[in-house]
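For reference, the structure discussed in these notes is given below.
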Amino acid sequence: MPDGPVAVLANPTAGRGRHRGLLPTVLERLGAAGRPVRLLEAPTAAQAEAACHAAVAEGAAALVTVGGDGTVHLGLQAVAGTGVAFGPVPAGTGNDFAVETGFPASPLAAVDTIVAALAAGRTRPADLARMTGPDGAQRWFGAVLAAGFDAIVNERANRMRWPRGPRRYDLAILIELARLRPRRYTLRLDGREEQLDAVLVAVGNGASYGGGMRICPDADPTDGLLDVVVAGPVGRTTLARIKPRVYQGTHVTHPMVRSFRARTVELDAEEITVYVDGERAMPLPVTVTAVPHAVRLLA
């Protein structure tokens with residue numbers, strides 16, 4: 001690992017603020033690795049992403065995020081493909097990338113893992129997914145791209161002004177369940193085209209999203225491949241039966257669920273905005289490519 005400071009991006013509101021007092025301990029322990037530690041100041045997500053890019057450009061040897069998958073997502077945009085080491089401290093509501101790549105679920109235990117790797121100059125590679133829109137815009141993600149019912153619910157919830165908090169998402173689910181209809185997707189897997197009617201579509205670099213929902217249960221962020229899981233034209237009752245099985249990953253045995261695997265996935269459907277790592281990304285169509293060894297993890 002080259003010389004340089006450790007940049008730290010922290011989200012104090014992650015996990016509804018339950019780890020708000022953790023940051024001083026994280027910074028103190030990171031300092032014990034013998035490198036300068038620089039806390040990035042950024043009040044908005046756009047400023048946080050820009051601060052990560054600036055830290056990498058200015059010679060940071062490593063970037064550590066303290067938060068959930070949304071905070072990880074911002075950090076990945078800066079370190080992907082650069083060789084700059086990356087360490088996620090899982091302190092959010094959803095910590096799927098950190099858990100799926102082998103970091104302890106405990107924030108302080110994850111910090112200790114990162115500090116040991118920093119002190120030894122040790123990293124290990126993991127894959128990322130690179131998403132490209134028709135205008136050439138790109139985003140990286142580490143966990144899962146959602147392009148079906150879950151993405152539609154997120155889009156609905158983000159447009160709502162009332163109620164606040166988790167109840168807004170619950171209400172969005174009820175509204176979109178009432179409006180549920182299969183949509184026609186065009187799916188190209190390494191160039192092979194499939195036309196599908198579906199209500200759930202997910203592309204996984206990792207297995208889980210949403211805080212442990214194993215939507216792509218066989219996805220492996222070290223195999224150089226993407227897993228695609230599609231739930232076909234089902235109604236509200238069947239979807240309600242399938243969804244709870246996602247937490248164990250057993251939904252893929254349902255006869256209306258199909259799984260695919262490919263290096264490149266092209267996905268299109270009308271009026272769908274995709275979400276990656278839980279964050280709003282871009283409207284379809286998109287091309288998603290598995291990029292082996294795109295990030296070096298401090299583990």
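Each chain in the structure tokens gets a letter, A, B and so on, in the order shown; residues start at 1 in every chain, and ligands are counted from 1 in the order they appear.
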
Query - strand (DSSP E or B) per DSSP on the backbone: members of range 145-286 of chain A, as an MDAnalysis selection string - result: chainID A and resid 145:146 183:189 192:198 200:204 209 213 226:231 257:262 264:268 273:276 279:283 286

Please produce a file of those selected residues containing C-alpha atoms, as an mmCIF file, in the first residue's frame.
```cif
data_model
loop_
_atom_site.group_PDB
_atom_site.id
_atom_site.type_symbol
_atom_site.label_atom_id
_atom_site.label_comp_id
_atom_site.auth_asym_id
_atom_site.auth_seq_id
_atom_site.Cartn_x
_atom_site.Cartn_y
_atom_site.Cartn_z
ATOM 1 C CA LEU A 145 -29.509 -3.196 -8.620
ATOM 2 C CA ALA A 146 -33.307 -3.198 -8.152
ATOM 3 C CA ARG A 183 -44.080 -5.088 -16.964
ATOM 4 C CA ARG A 184 -42.336 -6.162 -20.145
ATOM 5 C CA TYR A 185 -38.533 -6.276 -19.779
ATOM 6 C CA THR A 186 -35.895 -6.792 -22.408
ATOM 7 C CA LEU A 187 -32.948 -8.614 -20.907
ATOM 8 C CA ARG A 188 -29.710 -9.340 -22.745
ATOM 9 C CA LEU A 189 -27.284 -11.676 -21.020
ATOM 10 C CA ARG A 192 -28.473 -13.360 -25.596
ATOM 11 C CA GLU A 193 -31.890 -11.691 -25.533
ATOM 12 C CA GLU A 194 -34.844 -12.601 -23.300
ATOM 13 C CA GLN A 195 -38.251 -10.913 -23.364
ATOM 14 C CA LEU A 196 -39.855 -11.236 -19.933
ATOM 15 C CA ASP A 197 -42.994 -10.125 -18.130
ATOM 16 C CA ALA A 198 -42.043 -9.579 -14.495
ATOM 17 C CA LEU A 200 -39.384 -8.205 -9.587
ATOM 18 C CA VAL A 201 -36.003 -7.813 -11.310
ATOM 19 C CA ALA A 202 -32.656 -7.668 -9.509
ATOM 20 C CA VAL A 203 -29.050 -7.720 -10.714
ATOM 21 C CA GLY A 204 -26.601 -8.703 -7.993
ATOM 22 C CA TYR A 209 -29.978 -5.702 -0.271
ATOM 23 C CA MET A 213 -32.786 -9.609 1.987
ATOM 24 C CA LEU A 226 -23.543 -10.940 -12.125
ATOM 25 C CA ASP A 227 -26.580 -12.839 -10.869
ATOM 26 C CA VAL A 228 -30.006 -11.858 -12.221
ATOM 27 C CA VAL A 229 -33.209 -12.885 -10.437
ATOM 28 C CA VAL A 230 -36.628 -12.317 -12.017
ATOM 29 C CA ALA A 231 -40.068 -12.953 -10.537
ATOM 30 C CA VAL A 257 -38.835 -17.114 -10.204
ATOM 31 C CA ARG A 258 -35.988 -17.492 -12.703
ATOM 32 C CA SER A 259 -32.253 -16.979 -12.195
ATOM 33 C CA PHE A 260 -29.527 -16.134 -14.706
ATOM 34 C CA ARG A 261 -25.806 -15.429 -14.611
ATOM 35 C CA ALA A 262 -23.729 -13.303 -16.985
ATOM 36 C CA THR A 264 -22.780 -8.243 -18.967
ATOM 37 C CA VAL A 265 -26.478 -7.550 -18.469
ATOM 38 C CA GLU A 266 -28.466 -5.145 -20.636
ATOM 39 C CA LEU A 267 -31.835 -4.261 -19.117
ATOM 40 C CA ASP A 268 -34.706 -2.185 -20.490
ATOM 41 C CA THR A 273 -35.835 4.139 -12.477
ATOM 42 C CA VAL A 274 -33.312 1.723 -10.997
ATOM 43 C CA TYR A 275 -31.925 1.818 -7.466
ATOM 44 C CA VAL A 276 -28.440 0.532 -6.649
ATOM 45 C CA GLU A 279 -29.759 4.717 -3.830
ATOM 46 C CA ARG A 280 -31.663 6.259 -6.737
ATOM 47 C CA ALA A 281 -29.545 5.874 -9.875
ATOM 48 C CA MET A 282 -30.927 6.342 -13.406
ATOM 49 C CA PRO A 283 -33.837 5.328 -15.645
ATOM 50 C CA VAL A 286 -28.857 0.403 -18.566
#
```

Query raised in the report: Which is closest to Glu270 in chain A among A:Gly133, A:Gly148, A:Thr289, A:Thr250, if we use only C-alpha atoms?
Result: A:Gly148

Query - Contact residues around range 74-83 of chain A with only C-alpha atoms at 9 Å, ignoring same-chain residues under 4 positions, as a PyMOL selection string - result: chain A and resi 1+9+45-46+48-57+61-65+69-70+128+139-142+291+293-296

Would you export the selected residues with N, CA, C and O atoms as a compact mmCIF listing (two decimals), in the first residue's frame, please?
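After the write, selection_11.txt holds the following:
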```txt
# COMPACT_ATOMS: atom_id res chain seq x y z
N MET A 1 0.85 -1.18 0.00
CA MET A 1 0.00 0.00 0.00
C MET A 1 0.89 1.24 0.00
O MET A 1 1.81 1.34 0.79
N LEU A 9 -15.07 9.03 5.46
CA LEU A 9 -16.37 9.61 5.18
C LEU A 9 -17.38 9.02 6.15
O LEU A 9 -17.58 7.80 6.17
N ALA A 45 -25.05 14.51 0.10
CA ALA A 45 -24.53 13.34 -0.59
C ALA A 45 -23.65 13.73 -1.77
O ALA A 45 -22.58 13.13 -1.99
N ALA A 46 -24.07 14.72 -2.55
CA ALA A 46 -23.27 15.15 -3.69
C ALA A 46 -21.92 15.69 -3.24
O ALA A 46 -20.87 15.39 -3.85
N ALA A 48 -20.43 14.86 -0.45
CA ALA A 48 -19.67 13.73 0.10
C ALA A 48 -18.97 12.96 -1.01
O ALA A 48 -17.79 12.59 -0.89
N GLU A 49 -19.68 12.71 -2.11
CA GLU A 49 -19.06 12.00 -3.23
C GLU A 49 -17.91 12.81 -3.82
O GLU A 49 -16.84 12.28 -4.11
N ALA A 50 -18.14 14.12 -3.96
CA ALA A 50 -17.07 14.99 -4.48
C ALA A 50 -15.87 15.00 -3.55
O ALA A 50 -14.71 15.01 -4.01
N ALA A 51 -16.11 15.00 -2.24
CA ALA A 51 -15.01 14.99 -1.27
C ALA A 51 -14.21 13.70 -1.37
O ALA A 51 -12.97 13.72 -1.23
N CYS A 52 -14.88 12.59 -1.61
CA CYS A 52 -14.17 11.31 -1.77
C CYS A 52 -13.28 11.34 -3.02
O CYS A 52 -12.12 10.90 -2.99
N HIS A 53 -13.83 11.85 -4.12
CA HIS A 53 -13.03 11.96 -5.35
C HIS A 53 -11.82 12.86 -5.12
O HIS A 53 -10.70 12.56 -5.57
N ALA A 54 -12.03 13.98 -4.41
CA ALA A 54 -10.92 14.89 -4.16
C ALA A 54 -9.86 14.24 -3.30
O ALA A 54 -8.65 14.41 -3.54
N ALA A 55 -10.27 13.49 -2.28
CA ALA A 55 -9.31 12.83 -1.40
C ALA A 55 -8.46 11.83 -2.17
O ALA A 55 -7.24 11.74 -1.97
N VAL A 56 -9.09 11.08 -3.07
CA VAL A 56 -8.34 10.12 -3.89
C VAL A 56 -7.37 10.86 -4.81
O VAL A 56 -6.20 10.48 -4.95
N ALA A 57 -7.85 11.93 -5.44
CA ALA A 57 -6.99 12.70 -6.34
C ALA A 57 -5.81 13.33 -5.62
O ALA A 57 -4.73 13.51 -6.21
N ALA A 61 -4.24 7.11 0.61
CA ALA A 61 -3.91 5.70 0.40
C ALA A 61 -5.11 4.80 0.62
O ALA A 61 -5.15 3.69 0.10
N ALA A 62 -6.08 5.30 1.42
CA ALA A 62 -7.24 4.48 1.75
C ALA A 62 -8.43 5.39 2.02
O ALA A 62 -8.28 6.54 2.44
N LEU A 63 -9.61 4.84 1.80
CA LEU A 63 -10.86 5.51 2.12
C LEU A 63 -11.67 4.58 3.01
O LEU A 63 -11.89 3.41 2.66
N VAL A 64 -12.13 5.10 4.14
CA VAL A 64 -12.96 4.35 5.07
C VAL A 64 -14.31 5.05 5.17
O VAL A 64 -14.36 6.27 5.35
N THR A 65 -15.39 4.30 5.02
CA THR A 65 -16.73 4.87 5.19
C THR A 65 -17.33 4.38 6.49
O THR A 65 -17.16 3.21 6.86
N ASP A 69 -25.10 1.21 3.41
CA ASP A 69 -24.81 0.97 1.99
C ASP A 69 -24.82 2.26 1.18
O ASP A 69 -24.09 2.38 0.19
N GLY A 70 -25.63 3.24 1.58
CA GLY A 70 -25.62 4.51 0.86
C GLY A 70 -24.29 5.22 0.97
O GLY A 70 -23.80 5.80 0.00
N LEU A 128 -16.81 -5.30 -8.46
CA LEU A 128 -17.90 -4.34 -8.44
C LEU A 128 -18.67 -4.46 -9.75
O LEU A 128 -18.19 -5.07 -10.72
N ARG A 139 -22.32 4.60 -13.05
CA ARG A 139 -22.30 4.47 -11.60
C ARG A 139 -21.78 3.08 -11.28
O ARG A 139 -22.05 2.11 -11.99
N TRP A 140 -21.04 2.99 -10.19
CA TRP A 140 -20.58 1.70 -9.67
C TRP A 140 -21.50 1.27 -8.54
O TRP A 140 -22.03 2.11 -7.82
N PHE A 141 -21.67 -0.04 -8.38
CA PHE A 141 -22.35 -0.52 -7.19
C PHE A 141 -21.73 -1.83 -6.72
O PHE A 141 -21.13 -2.57 -7.50
N GLY A 142 -21.89 -2.06 -5.42
CA GLY A 142 -21.28 -3.23 -4.82
C GLY A 142 -22.26 -4.32 -4.45
O GLY A 142 -21.87 -5.48 -4.32
N VAL A 291 -17.03 -6.15 -13.07
CA VAL A 291 -15.63 -5.75 -13.22
C VAL A 291 -14.83 -6.45 -12.11
O VAL A 291 -14.87 -6.05 -10.95
N HIS A 293 -12.04 -7.54 -9.52
CA HIS A 293 -10.94 -6.88 -8.78
C HIS A 293 -11.03 -5.35 -8.91
O HIS A 293 -10.00 -4.68 -8.97
N ALA A 294 -12.25 -4.80 -8.94
CA ALA A 294 -12.40 -3.36 -9.12
C ALA A 294 -12.12 -2.57 -7.86
O ALA A 294 -11.91 -1.36 -7.93
N VAL A 295 -12.12 -3.23 -6.71
CA VAL A 295 -11.87 -2.54 -5.45
C VAL A 295 -10.94 -3.39 -4.59
O VAL A 295 -11.00 -4.62 -4.63
N ARG A 296 -10.07 -2.71 -3.83
CA ARG A 296 -9.14 -3.38 -2.90
C ARG A 296 -9.64 -3.15 -1.49
O ARG A 296 -9.71 -2.02 -1.03
```

Requested in this report: Please provide the set of residues having any atom within 6 Å of Ala299 in chain A, restricted to only C-alpha atoms, with same-chain residues fewer than 4 positions apart removed, written as a VMD selection string.
Outcome: chain A and resid 114 117 123

Query - Å distance separating CA of Ser106 in chain A from CA of Val144 in chain A, one decimal place - result: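 Atom-to-atom, CA of Ser106 in chain A and CA of Val144 in chain A are spaced 21.8 Å apart.
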
Requested in this report: Might you pull out every residue within 7 Å of Gly224 in chain A, with only C-alpha atoms counted and same-chain residues fewer than 6 positions away left off, and present them as an MDAnalysis selection string?
Outcome: chainID A and resid 127 263 290:292

Query raised in the report: What is the CA of Gly31 in chain A-CA of Gly59 in chain A distance in Å, reported with one decimal?
Result: 17.3 Å

Query - Spatial neighbours of Val66 in chain A, max dist 10 Å, only C-alpha atoms, sep filter under 2 positions, as a ChimeraX atom specification - result: /A:8-12,14,19,22-23,26,64,68-69,71-72,87-92,107,111

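If you look at CA of Arg38 in chain A and CA of Phe103 in chain A, they are 22.1 Å away from each other.
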
Requested in this report: Identify all residues of range 129-198 of chain A in helix (DSSP H, G or I) (DSSP on the backbone) and supply them as number ranges by chain.
Outcome: A: 149-159, 166-178

With C-alpha atoms kept, could you save the residues just selected as a PDB file, in the first residue's frame?
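Done, and the output landed in again14.pdb:
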```pdb
ATOM      1  CA  PHE A 149     -41.441  -3.620  -7.603  1.00  0.00           C
ATOM      2  CA  ASP A 150     -38.880  -2.556  -4.986  1.00  0.00           C
ATOM      3  CA  ALA A 151     -37.540   0.214  -7.216  1.00  0.00           C
ATOM      4  CA  ILE A 152     -41.081   1.400  -7.991  1.00  0.00           C
ATOM      5  CA  VAL A 153     -41.882   1.520  -4.251  1.00  0.00           C
ATOM      6  CA  ASN A 154     -38.716   3.518  -3.559  1.00  0.00           C
ATOM      7  CA  GLU A 155     -39.596   5.951  -6.308  1.00  0.00           C
ATOM      8  CA  ARG A 156     -43.108   6.371  -4.892  1.00  0.00           C
ATOM      9  CA  ALA A 157     -41.802   6.887  -1.337  1.00  0.00           C
ATOM     10  CA  ASN A 158     -39.292   9.499  -2.495  1.00  0.00           C
ATOM     11  CA  ARG A 159     -42.089  11.530  -4.106  1.00  0.00           C
ATOM     12  CA  PRO A 166     -40.528   4.390   7.855  1.00  0.00           C
ATOM     13  CA  ARG A 167     -44.327   4.740   7.620  1.00  0.00           C
ATOM     14  CA  ARG A 168     -43.912   6.579   4.312  1.00  0.00           C
ATOM     15  CA  TYR A 169     -42.245   3.497   2.820  1.00  0.00           C
ATOM     16  CA  ASP A 170     -44.963   1.230   4.266  1.00  0.00           C
ATOM     17  CA  LEU A 171     -47.658   3.393   2.675  1.00  0.00           C
ATOM     18  CA  ALA A 172     -45.793   3.384  -0.643  1.00  0.00           C
ATOM     19  CA  ILE A 173     -45.810  -0.431  -0.556  1.00  0.00           C
ATOM     20  CA  LEU A 174     -49.589  -0.496  -0.062  1.00  0.00           C
ATOM     21  CA  ILE A 175     -50.168   1.972  -2.896  1.00  0.00           C
ATOM     22  CA  GLU A 176     -47.945   0.116  -5.345  1.00  0.00           C
ATOM     23  CA  LEU A 177     -49.356  -3.282  -4.362  1.00  0.00           C
ATOM     24  CA  ALA A 178     -52.795  -1.973  -5.315  1.00  0.00           C
TER      25      ALA A 178
END
```

Query raised in the report: Which residue out of A:Ala119, A:Ile272, A:Gly232, A:Pro217 has the minimum interatomic distance to Val252 in chain A when only C-alpha atoms are used?
Result: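 Closest to Val252 in chain A of all the choices is A:Pro217.
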